[in-house]
$ cat structure_22.cif   # mmCIF, C-alpha atoms
data_input
loop_
_atom_site.group_PDB
_atom_site.id
_atom_site.type_symbol
_atom_site.label_atom_id
_atom_site.label_comp_id
_atom_site.auth_asym_id
_atom_site.auth_seq_id
_atom_site.Cartn_x
_atom_site.Cartn_y
_atom_site.Cartn_z
ATOM 1 C CA MET Z 1 -62.856 43.229 14.666
ATOM 2 C CA GLU Z 2 -59.572 42.101 13.204
ATOM 3 C CA LYS Z 3 -59.787 38.749 11.506
ATOM 4 C CA ILE Z 4 -57.150 36.114 12.457
ATOM 5 C CA ASN Z 5 -55.748 33.970 9.699
ATOM 6 C CA ASN Z 6 -56.389 30.340 10.771
ATOM 7 C CA LYS Z 7 -55.834 28.737 7.421
ATOM 8 C CA GLY Z 8 -52.555 27.054 8.509
ATOM 9 C CA TYR Z 9 -50.159 25.796 5.818
ATOM 10 C CA MET Z 10 -51.152 25.448 2.242
ATOM 11 C CA LEU Z 11 -51.186 21.907 0.853
ATOM 12 C CA VAL Z 12 -48.828 22.847 -1.946
ATOM 13 C CA GLU Z 13 -46.425 24.292 0.603
ATOM 14 C CA ILE Z 14 -46.327 21.027 2.578
ATOM 15 C CA ILE Z 15 -45.820 18.992 -0.614
ATOM 16 C CA VAL Z 16 -42.982 21.208 -1.832
ATOM 17 C CA ALA Z 17 -41.290 21.258 1.588
ATOM 18 C CA SER Z 18 -41.628 17.462 2.027
ATOM 19 C CA THR Z 19 -40.268 16.811 -1.466
ATOM 20 C CA ILE Z 20 -37.227 19.021 -0.845
ATOM 21 C CA ALA Z 21 -36.681 17.420 2.568
ATOM 22 C CA MET Z 22 -36.919 13.907 1.111
ATOM 23 C CA VAL Z 23 -34.554 14.637 -1.783
ATOM 24 C CA ILE Z 24 -31.994 16.105 0.614
ATOM 25 C CA ALA Z 25 -32.482 13.251 3.096
ATOM 26 C CA TYR Z 26 -31.919 10.703 0.289
ATOM 27 C CA PHE Z 27 -28.754 12.517 -0.785
ATOM 28 C CA LEU Z 28 -27.445 12.750 2.779
ATOM 29 C CA ILE Z 29 -28.163 9.090 3.584
ATOM 30 C CA ASN Z 30 -26.423 8.113 0.354
ATOM 31 C CA VAL Z 31 -23.360 10.178 1.248
ATOM 32 C CA THR Z 32 -23.322 8.775 4.804
ATOM 33 C CA ILE Z 33 -23.464 5.183 3.491
ATOM 34 C CA LYS Z 34 -20.617 5.940 1.059
ATOM 35 C CA ILE Z 35 -18.490 7.401 3.858
ATOM 36 C CA LYS Z 36 -19.246 4.392 6.088
ATOM 37 C CA ASP Z 37 -18.331 1.926 3.289
ATOM 38 C CA SER Z 38 -15.084 3.720 2.462
ATOM 39 C CA ASN Z 39 -14.208 3.838 6.145
ATOM 40 C CA THR Z 40 -14.869 0.092 6.536
ATOM 41 C CA ASP Z 41 -12.773 -0.657 3.417
ATOM 42 C CA ALA Z 42 -9.889 1.444 4.728
ATOM 43 C CA TYR Z 43 -10.157 -0.218 8.163
ATOM 44 C CA ILE Z 44 -10.045 -3.769 6.759
ATOM 45 C CA ASP Z 45 -7.297 -2.825 4.302
ATOM 46 C CA THR Z 46 -5.217 -1.438 7.184
ATOM 47 C CA ILE Z 47 -5.640 -4.610 9.245
ATOM 48 C CA LEU Z 48 -4.717 -6.884 6.331
ATOM 49 C CA LEU Z 49 -1.749 -4.740 5.250
ATOM 50 C CA THR Z 50 -0.471 -4.588 8.837
ATOM 51 C CA ASP Z 51 -0.690 -8.390 9.115
ATOM 52 C CA LYS Z 52 1.197 -8.759 5.841
ATOM 53 C CA MET Z 53 3.821 -6.298 7.017
ATOM 54 C CA ILE Z 54 4.291 -8.049 10.381
ATOM 55 C CA MET Z 55 4.646 -11.490 8.775
ATOM 56 C CA THR Z 56 7.034 -10.227 6.092
ATOM 57 C CA SER Z 57 9.243 -8.290 8.507
ATOM 58 C CA GLN Z 58 9.317 -11.230 10.952
ATOM 59 C CA ILE Z 59 11.090 -13.311 8.317
ATOM 60 C CA MET Z 60 13.002 -10.608 6.448
ATOM 61 C CA ASN Z 61 14.518 -9.166 9.653
ATOM 62 C CA ASP Z 62 16.348 -12.475 10.140
ATOM 63 C CA VAL Z 63 17.370 -12.563 6.478
ATOM 64 C CA ILE Z 64 18.752 -9.017 6.679
ATOM 65 C CA ASN Z 65 20.423 -9.293 10.089
ATOM 66 C CA TYR Z 66 21.961 -12.762 9.974
ATOM 67 C CA ASP Z 67 24.040 -14.744 7.502
ATOM 68 C CA ILE Z 68 22.208 -17.604 5.841
ATOM 69 C CA LEU Z 69 24.226 -20.799 6.127
ATOM 70 C CA LYS Z 70 21.886 -23.329 4.613
ATOM 71 C CA VAL Z 71 18.516 -23.505 2.865
ATOM 72 C CA GLU Z 72 16.527 -26.721 2.657
ATOM 73 C CA THR Z 73 13.151 -26.981 0.999
ATOM 74 C CA THR Z 74 10.315 -29.471 0.741
ATOM 75 C CA THR Z 75 7.112 -28.982 -1.237
ATOM 76 C CA ASN Z 76 5.397 -27.131 1.602
ATOM 77 C CA SER Z 77 8.107 -25.958 3.962
ATOM 78 C CA VAL Z 78 11.480 -24.280 3.918
ATOM 79 C CA SER Z 79 14.180 -24.492 6.602
ATOM 80 C CA ILE Z 80 16.699 -21.683 6.781
ATOM 81 C CA THR Z 81 19.799 -22.030 8.943
ATOM 82 C CA TYR Z 82 21.203 -18.710 10.185
ATOM 83 C CA ASN Z 83 24.396 -17.797 11.933
ATOM 84 C CA ILE Z 84 22.975 -16.100 15.025
ATOM 85 C CA ASP Z 85 25.628 -15.059 17.550
ATOM 86 C CA SER Z 86 28.055 -17.637 16.099
ATOM 87 C CA ARG Z 87 25.516 -20.409 16.575
ATOM 88 C CA GLU Z 88 23.674 -22.288 13.857
ATOM 89 C CA THR Z 89 19.961 -21.676 14.303
ATOM 90 C CA THR Z 90 17.419 -23.255 11.992
ATOM 91 C CA LYS Z 91 13.982 -21.766 11.503
ATOM 92 C CA THR Z 92 11.337 -23.568 9.491
ATOM 93 C CA LEU Z 93 8.708 -21.701 7.538
ATOM 94 C CA SER Z 94 5.497 -23.562 6.763
ATOM 95 C CA TYR Z 95 1.810 -22.943 6.234
ATOM 96 C CA ASP Z 96 -1.056 -25.053 7.571
ATOM 97 C CA LYS Z 97 -3.961 -24.680 5.164
ATOM 98 C CA ASN Z 98 -6.502 -26.189 7.569
ATOM 99 C CA THR Z 99 -5.891 -23.712 10.360
ATOM 100 C CA LYS Z 100 -4.746 -20.934 7.963
ATOM 101 C CA THR Z 101 -1.672 -20.523 10.145
ATOM 102 C CA LEU Z 102 1.821 -19.475 9.139
ATOM 103 C CA SER Z 103 4.681 -20.828 11.248
ATOM 104 C CA TYR Z 104 8.208 -19.499 11.244
ATOM 105 C CA GLY Z 105 10.424 -20.807 14.036
ATOM 106 C CA ASP Z 106 8.490 -20.075 17.235
ATOM 107 C CA TYR Z 107 6.402 -17.414 15.542
ATOM 108 C CA LYS Z 108 2.858 -18.320 14.530
ATOM 109 C CA LYS Z 109 0.351 -16.124 12.771
ATOM 110 C CA LYS Z 110 -3.169 -16.970 11.667
ATOM 111 C CA PHE Z 111 -4.308 -15.327 8.449
ATOM 112 C CA ASN Z 112 -7.364 -13.114 8.705
ATOM 113 C CA ASP Z 113 -10.696 -14.916 8.212
ATOM 114 C CA LYS Z 114 -11.589 -12.472 5.432
ATOM 115 C CA LEU Z 115 -8.777 -13.844 3.267
ATOM 116 C CA ASN Z 116 -8.834 -16.736 0.831
ATOM 117 C CA VAL Z 117 -5.353 -18.153 1.271
ATOM 118 C CA ASN Z 118 -3.755 -20.379 -1.371
ATOM 119 C CA ASN Z 119 -1.118 -23.014 -0.774
ATOM 120 C CA ILE Z 120 2.499 -22.133 -0.113
ATOM 121 C CA ASN Z 121 4.678 -22.013 -3.213
ATOM 122 C CA ILE Z 122 8.427 -22.432 -2.778
ATOM 123 C CA GLU Z 123 11.019 -22.091 -5.522
ATOM 124 C CA LYS Z 124 14.713 -22.529 -4.835
ATOM 125 C CA ASN Z 125 17.237 -21.525 -7.482
ATOM 126 C CA THR Z 126 20.661 -22.808 -6.541
ATOM 127 C CA THR Z 127 22.336 -21.449 -9.693
ATOM 128 C CA ASN Z 128 21.603 -17.808 -8.907
ATOM 129 C CA GLY Z 129 21.223 -18.332 -5.154
ATOM 130 C CA TYR Z 130 17.725 -17.157 -4.448
ATOM 131 C CA LEU Z 131 14.591 -18.449 -2.806
ATOM 132 C CA LYS Z 132 11.045 -17.438 -3.700
ATOM 133 C CA ILE Z 133 8.297 -18.012 -1.150
ATOM 134 C CA LYS Z 134 4.717 -17.139 -1.994
ATOM 135 C CA ILE Z 135 1.524 -17.591 -0.010
ATOM 136 C CA PRO Z 136 -1.060 -15.683 -2.067
ATOM 137 C CA ALA Z 137 -4.027 -14.362 -0.080
ATOM 138 C CA TYR Z 138 -6.918 -12.365 -1.512
ATOM 139 C CA THR Z 139 -10.182 -10.913 -0.299
ATOM 140 C CA LEU Z 140 -13.391 -11.415 -2.271
ATOM 141 C CA TYR Z 141 -13.382 -7.768 -3.303
ATOM 142 C CA SER Z 142 -9.782 -7.051 -4.197
ATOM 143 C CA ASP Z 143 -7.025 -8.352 -6.472
ATOM 144 C CA PHE Z 144 -4.365 -7.129 -4.077
ATOM 145 C CA ASP Z 145 -2.200 -9.886 -2.616
ATOM 146 C CA TYR Z 146 -2.287 -9.635 1.190
ATOM 147 C CA GLY Z 147 -0.207 -12.803 1.564
ATOM 148 C CA LEU Z 148 3.510 -13.419 1.696
ATOM 149 C CA ASP Z 149 5.698 -12.665 -1.287
ATOM 150 C CA LEU Z 150 9.368 -13.114 -0.439
ATOM 151 C CA PHE Z 151 12.472 -13.102 -2.563
ATOM 152 C CA ILE Z 152 15.495 -14.106 -0.489
ATOM 153 C CA VAL Z 153 19.019 -13.975 -1.849
ATOM 154 C CA TYR Z 154 21.599 -16.260 -0.296
ATOM 155 C CA ASP Z 155 25.134 -17.348 -1.191
ATOM 156 C CA MET T 1 -52.831 40.199 11.567
ATOM 157 C CA ARG T 2 -50.066 37.588 11.858
ATOM 158 C CA ASN T 3 -49.007 36.066 8.609
ATOM 159 C CA ASN T 4 -47.613 32.535 8.988
ATOM 160 C CA LYS T 5 -47.693 31.770 5.301
ATOM 161 C CA GLY T 6 -44.419 30.584 3.714
ATOM 162 C CA PHE T 7 -42.666 29.964 7.004
ATOM 163 C CA MET T 8 -42.375 26.178 6.623
ATOM 164 C CA LEU T 9 -40.853 26.241 3.132
ATOM 165 C CA ALA T 10 -38.325 28.916 4.035
ATOM 166 C CA GLU T 11 -37.355 27.008 7.161
ATOM 167 C CA VAL T 12 -36.855 23.757 5.268
ATOM 168 C CA VAL T 13 -34.795 25.460 2.584
ATOM 169 C CA ILE T 14 -32.523 27.274 5.068
ATOM 170 C CA VAL T 15 -32.004 24.307 7.394
ATOM 171 C CA SER T 16 -31.474 21.938 4.445
ATOM 172 C CA THR T 17 -28.921 24.268 2.922
ATOM 173 C CA ILE T 18 -26.965 24.455 6.174
ATOM 174 C CA VAL T 19 -27.098 20.694 6.800
ATOM 175 C CA THR T 20 -26.199 19.922 3.161
ATOM 176 C CA SER T 21 -23.217 22.255 3.189
ATOM 177 C CA VAL T 22 -21.954 20.698 6.427
ATOM 178 C CA ILE T 23 -22.335 17.144 5.121
ATOM 179 C CA VAL T 24 -20.802 18.016 1.733
ATOM 180 C CA SER T 25 -17.797 19.639 3.400
ATOM 181 C CA LEU T 26 -17.454 16.551 5.649
ATOM 182 C CA TYR T 27 -17.680 14.295 2.601
ATOM 183 C CA THR T 28 -15.023 16.207 0.665
ATOM 184 C CA GLY T 29 -12.827 16.254 3.762
ATOM 185 C CA PHE T 30 -13.236 12.521 4.255
ATOM 186 C CA ASN T 31 -12.571 11.889 0.565
ATOM 187 C CA ARG T 32 -9.343 13.846 0.814
ATOM 188 C CA VAL T 33 -8.285 11.765 3.834
ATOM 189 C CA TYR T 34 -9.243 8.540 2.018
ATOM 190 C CA LYS T 35 -7.297 9.661 -1.070
ATOM 191 C CA PHE T 36 -4.209 10.267 1.073
ATOM 192 C CA TYR T 37 -4.718 6.897 2.744
ATOM 193 C CA ASN T 38 -4.784 5.185 -0.655
ATOM 194 C CA GLU T 39 -1.755 7.141 -1.811
ATOM 195 C CA ARG T 40 0.095 6.160 1.321
ATOM 196 C CA SER T 41 -0.600 2.468 0.814
ATOM 197 C CA HIS T 42 0.552 2.814 -2.803
ATOM 198 C CA TYR T 43 3.610 4.922 -2.007
ATOM 199 C CA TYR T 44 4.987 2.938 0.951
ATOM 200 C CA ASP T 45 4.837 -0.517 -0.541
ATOM 201 C CA ILE T 46 6.184 -3.231 1.794
ATOM 202 C CA ASP T 47 7.144 -5.716 -0.958
ATOM 203 C CA GLY T 48 8.848 -2.893 -2.834
ATOM 204 C CA LEU T 49 10.844 -1.915 0.250
ATOM 205 C CA TYR T 50 12.296 -5.398 0.687
ATOM 206 C CA ALA T 51 12.941 -5.626 -3.055
ATOM 207 C CA LEU T 52 14.888 -2.351 -2.772
ATOM 208 C CA LYS T 53 16.888 -3.759 0.136
ATOM 209 C CA THR T 54 17.802 -6.773 -2.010
ATOM 210 C CA ILE T 55 18.800 -4.455 -4.887
ATOM 211 C CA SER T 56 20.895 -2.245 -2.610
ATOM 212 C CA ASP T 57 22.673 -5.346 -1.190
ATOM 213 C CA LEU T 58 23.396 -6.455 -4.734
ATOM 214 C CA LEU T 59 24.750 -3.006 -5.658
ATOM 215 C CA LEU T 60 26.958 -3.104 -2.582
ATOM 216 C CA GLU T 61 28.164 -6.616 -3.368
ATOM 217 C CA GLU T 62 28.965 -5.619 -6.948
ATOM 218 C CA GLU T 63 30.868 -2.565 -5.658
ATOM 219 C CA LYS T 64 28.635 -0.008 -7.337
ATOM 220 C CA LEU T 65 28.236 2.100 -4.195
ATOM 221 C CA ASN T 66 31.890 3.002 -3.711
ATOM 222 C CA GLY T 67 31.599 6.493 -5.151
ATOM 223 C CA TYR T 68 33.679 5.676 -8.229
ATOM 224 C CA HIS T 69 31.163 3.645 -10.160
ATOM 225 C CA TYR T 70 29.141 5.541 -12.729
ATOM 226 C CA LEU T 71 25.498 6.309 -12.093
ATOM 227 C CA PRO T 72 23.077 5.744 -14.980
ATOM 228 C CA THR T 73 22.811 8.951 -17.022
ATOM 229 C CA ASN T 74 19.011 8.787 -17.315
ATOM 230 C CA GLY T 75 18.566 7.686 -13.689
ATOM 231 C CA VAL T 76 17.123 4.296 -14.663
ATOM 232 C CA ILE T 77 19.002 1.033 -14.234
ATOM 233 C CA ASP T 78 18.230 -2.042 -16.273
ATOM 234 C CA ASP T 79 19.423 -5.655 -15.989
ATOM 235 C CA ASN T 80 22.667 -4.871 -17.852
ATOM 236 C CA TYR T 81 23.764 -2.549 -15.062
ATOM 237 C CA PHE T 82 24.232 -5.575 -12.818
ATOM 238 C CA THR T 83 26.797 -8.349 -13.078
ATOM 239 C CA ASN T 84 24.264 -10.887 -11.837
ATOM 240 C CA LYS T 85 21.664 -10.185 -14.554
ATOM 241 C CA ASP T 86 19.662 -13.364 -13.963
ATOM 242 C CA LEU T 87 19.118 -12.542 -10.315
ATOM 243 C CA ILE T 88 17.889 -9.021 -10.991
ATOM 244 C CA SER T 89 15.729 -10.245 -13.862
ATOM 245 C CA ASN T 90 14.077 -12.830 -11.586
ATOM 246 C CA LEU T 91 13.597 -10.248 -8.851
ATOM 247 C CA LYS T 92 11.928 -7.870 -11.323
ATOM 248 C CA THR T 93 9.632 -10.606 -12.587
ATOM 249 C CA ASN T 94 8.751 -11.728 -9.061
ATOM 250 C CA TYR T 95 7.721 -8.259 -7.879
ATOM 251 C CA ASN T 96 6.418 -6.935 -11.232
ATOM 252 C CA ILE T 97 9.027 -4.207 -11.163
ATOM 253 C CA GLN T 98 8.662 -1.721 -14.014
ATOM 254 C CA ASN T 99 11.568 0.617 -13.300
ATOM 255 C CA ILE T 100 14.434 0.986 -10.863
ATOM 256 C CA TYR T 101 15.703 4.547 -10.463
ATOM 257 C CA PHE T 102 19.202 4.866 -9.070
ATOM 258 C CA LYS T 103 20.689 8.308 -8.569
ATOM 259 C CA SER T 104 22.371 10.619 -6.133
ATOM 260 C CA CYS T 105 20.208 11.333 -3.083
ATOM 261 C CA GLN T 106 18.344 14.324 -4.488
ATOM 262 C CA ALA T 107 14.772 14.033 -5.630
ATOM 263 C CA THR T 108 15.423 16.187 -8.698
ATOM 264 C CA GLY T 109 16.788 14.947 -11.991
ATOM 265 C CA PHE T 110 14.351 12.163 -12.768
ATOM 266 C CA PRO T 111 13.783 11.377 -16.454
ATOM 267 C CA SER T 112 11.268 13.637 -18.202
ATOM 268 C CA ASP T 113 9.238 10.782 -19.700
ATOM 269 C CA ILE T 114 7.984 9.366 -16.391
ATOM 270 C CA ASN T 115 4.287 8.572 -15.998
ATOM 271 C CA PRO T 116 1.938 11.006 -14.168
ATOM 272 C CA THR T 117 1.649 8.752 -11.080
ATOM 273 C CA MET T 118 5.423 8.733 -10.683
ATOM 274 C CA GLU T 119 5.494 12.498 -11.177
ATOM 275 C CA ASP T 120 2.876 12.832 -8.442
ATOM 276 C CA TYR T 121 4.923 10.549 -6.175
ATOM 277 C CA ILE T 122 8.078 12.608 -6.711
ATOM 278 C CA ASN T 123 6.277 15.915 -6.125
ATOM 279 C CA ASN T 124 4.327 14.840 -3.045
ATOM 280 C CA PHE T 125 6.637 12.394 -1.315
ATOM 281 C CA LEU T 126 10.193 13.023 -2.425
ATOM 282 C CA ASN T 127 10.656 16.664 -3.357
ATOM 283 C CA GLY T 128 11.289 18.658 -0.215
ATOM 284 C CA ASN T 129 10.485 15.718 2.105
ATOM 285 C CA LEU T 130 13.636 13.710 1.661
ATOM 286 C CA ASP T 131 16.406 14.150 4.209
ATOM 287 C CA CYS T 132 19.587 13.270 2.349
ATOM 288 C CA SER T 133 22.045 14.219 5.092
ATOM 289 C CA GLY T 134 24.410 11.279 5.488
ATOM 290 C CA TYR T 135 23.045 9.518 2.423
ATOM 291 C CA ASN T 136 24.693 9.438 -0.986
ATOM 292 C CA TYR T 137 22.289 7.500 -3.170
ATOM 293 C CA LEU T 138 18.593 7.102 -3.713
ATOM 294 C CA LEU T 139 16.823 4.043 -5.062
ATOM 295 C CA VAL T 140 13.222 4.367 -6.200
ATOM 296 C CA LEU T 141 11.211 1.370 -7.279
ATOM 297 C CA GLU T 142 8.154 1.384 -9.510
ATOM 298 C CA ARG T 143 5.959 -1.723 -9.476
ATOM 299 C CA MET T 144 2.776 -2.383 -11.364
ATOM 300 C CA VAL T 145 0.278 -4.733 -9.758
ATOM 301 C CA ASN T 146 -3.236 -5.150 -11.173
ATOM 302 C CA ASP T 147 -2.795 -2.061 -13.377
ATOM 303 C CA LYS T 148 -1.895 0.082 -10.376
ATOM 304 C CA TYR T 149 1.471 1.646 -9.689
ATOM 305 C CA TYR T 150 3.229 1.099 -6.359
ATOM 306 C CA TYR T 151 6.330 2.982 -5.262
ATOM 307 C CA SER T 152 9.014 2.692 -2.620
ATOM 308 C CA TYR T 153 12.254 4.482 -2.015
ATOM 309 C CA LEU T 154 15.432 3.664 -0.123
ATOM 310 C CA ARG T 155 18.240 6.010 0.799
ATOM 311 C CA ILE T 156 21.705 4.468 0.732
ATOM 312 C CA LYS T 157 24.847 5.651 2.504
#

$ encode --input "structure_22.cif" --output "structure tokens"
Amino acid sequence: MEKINNKGYMLVEIIVASTIAMVIAYFLINVTIKIKDSNTDAYIDTILLTDKMIMTSQIMNDVINYDILKVETTTNSVSITYNIDSRETTKTLSYDKNTKTLSYGDYKKKFNDKLNVNNINIEKNTTNGYLKIKIPAYTLYSDFDYGLDLFIVYD
Amino acid sequence: MRNNKGFMLAEVVIVSTIVTSVIVSLYTGFNRVYKFYNERSHYYDIDGLYALKTISDLLLEEEKLNGYHYLPTNGVIDDNYFTNKDLISNLKTNYNIQNIYFKSCQATGFPSDINPTMEDYINNFLNGNLDCSGYNYLLVLERMVNDKYYYSYLRIK
């Protein structure tokens, strides 16, 4: 009578197979976590950069498209008077630190909760005719400034 | 007699190899996408774009875009190129501008001593990708923020 081999798997075989499987599983989980982290970073970076871009273009579009007639500054706000369709229109730019909200004319934008936003810094140079407006905003993990950094030239 | 010996190990090795190759190719693919994403955020810099607009307005105001004014021979303009030196100096300080390249609207002819990041930017984003029809000049801005280079370009009519 032919004898059937019922021995099953050898112990050493199971150990070797499990070890290989575990090493590969560790490597794959590691890679998956790295991909997930990079993806999250890119996602947050995109949101913050888009916000910065929207806020910057909201103000700079007026600066580019209309003549600036007058610039008045206080320590935490700046009022710019434009010539829009032959009418004097004043828009005030300010930042409320408590609500983390930027206001410019009727436009309001709250900074992302992930950002640490510093106070508004305004510098007006009447000799050379320029205005610097800075609202620095950083995340905990990056030195990149996601806030406002404007340099406006006026006559 | 059926021999089942060695089946489990072979199976694990084959399946693991397939799964690993798939994941590794996914990882390299994702890394390439992430690299391009990072490059894009470094090579389309919003602050740099508005700085370039300010510079181009200044060039226009100082009548340096009329076709008769000389272009810098090495393609780089410094503060002395402008009449309003203080303004350009303040702008450069404000945006951490390292270099302003001002040339005819062709991506070739940049100085030979540019840094590798700039070279990469020219090769990947400007050479062959720039539509200069209707544009005479090209302004390229190089900023350095937190030891990283950021670039922007602006075509001018």

$ interface_residues --input "structure_22.cif" --of "chain Z" --to "chain T" --cutoff "10 Å" --atoms "all atoms listed in the file" --output "ChimeraX atom specification"
/Z:2-10,13-18,20-21,24-25,27-28,31-32,34-35,38-39,41-42,45-46,49-50,52-53,56-57,60-61,64,125,127-130,132,134,142-145,148-153

$ atom_distance --input "structure_22.cif" --atom1 "atom CA of Lys70 of chain Z" --atom2 "atom CA of Tyr82 of chain Z"
7.3 Å

$ closest_residue --input "structure_22.cif" --among "Z:Leu48, Z:Ile122, Z:Thr101, Z:Gln58" --to "Val78 of chain Z" --atoms "all atoms listed in the file"
Z:Ile122

$ atom_distance --input "structure_22.cif" --atom1 "atom CA of Ala137 of chain Z" --atom2 "atom CA of Asp51 of chain Z"
11.5 Å

$ resolve_selection --input "structure_22.cif" --expression "the PyMOL selection byres ((chain T and resi 122) around 12)" --output "PDB file with C-alpha atoms, in the frame of the given file"
ATOM      1  CA  TYR T  43       3.610   4.922  -2.007  1.00  0.00           C
ATOM      2  CA  TYR T 101      15.703   4.547 -10.463  1.00  0.00           C
ATOM      3  CA  GLN T 106      18.344  14.324  -4.488  1.00  0.00           C
ATOM      4  CA  ALA T 107      14.772  14.033  -5.630  1.00  0.00           C
ATOM      5  CA  THR T 108      15.423  16.187  -8.698  1.00  0.00           C
ATOM      6  CA  GLY T 109      16.788  14.947 -11.991  1.00  0.00           C
ATOM      7  CA  PHE T 110      14.351  12.163 -12.768  1.00  0.00           C
ATOM      8  CA  PRO T 111      13.783  11.377 -16.454  1.00  0.00           C
ATOM      9  CA  SER T 112      11.268  13.637 -18.202  1.00  0.00           C
ATOM     10  CA  ILE T 114       7.984   9.366 -16.391  1.00  0.00           C
ATOM     11  CA  ASN T 115       4.287   8.572 -15.998  1.00  0.00           C
ATOM     12  CA  PRO T 116       1.938  11.006 -14.168  1.00  0.00           C
ATOM     13  CA  THR T 117       1.649   8.752 -11.080  1.00  0.00           C
ATOM     14  CA  MET T 118       5.423   8.733 -10.683  1.00  0.00           C
ATOM     15  CA  GLU T 119       5.494  12.498 -11.177  1.00  0.00           C
ATOM     16  CA  ASP T 120       2.876  12.832  -8.442  1.00  0.00           C
ATOM     17  CA  TYR T 121       4.923  10.549  -6.175  1.00  0.00           C
ATOM     18  CA  ASN T 123       6.277  15.915  -6.125  1.00  0.00           C
ATOM     19  CA  ASN T 124       4.327  14.840  -3.045  1.00  0.00           C
ATOM     20  CA  PHE T 125       6.637  12.394  -1.315  1.00  0.00           C
ATOM     21  CA  LEU T 126      10.193  13.023  -2.425  1.00  0.00           C
ATOM     22  CA  ASN T 127      10.656  16.664  -3.357  1.00  0.00           C
ATOM     23  CA  GLY T 128      11.289  18.658  -0.215  1.00  0.00           C
ATOM     24  CA  ASN T 129      10.485  15.718   2.105  1.00  0.00           C
ATOM     25  CA  LEU T 130      13.636  13.710   1.661  1.00  0.00           C
ATOM     26  CA  VAL T 140      13.222   4.367  -6.200  1.00  0.00           C
ATOM     27  CA  LEU T 141      11.211   1.370  -7.279  1.00  0.00           C
ATOM     28  CA  GLU T 142       8.154   1.384  -9.510  1.00  0.00           C
ATOM     29  CA  TYR T 151       6.330   2.982  -5.262  1.00  0.00           C
ATOM     30  CA  SER T 152       9.014   2.692  -2.620  1.00  0.00           C
ATOM     31  CA  TYR T 153      12.254   4.482  -2.015  1.00  0.00           C
TER      32      TYR T 153
END

$ atom_distance --input "structure_22.cif" --atom1 "atom CA of Lys157 of chain T" --atom2 "atom CA of Tyr135 of chain T"
4.3 Å

$ resolve_selection --input "structure_22.cif" --expression "the PyMOL selection byres ((chain T and resi 139) around 8)" --output "count of residues only"
14
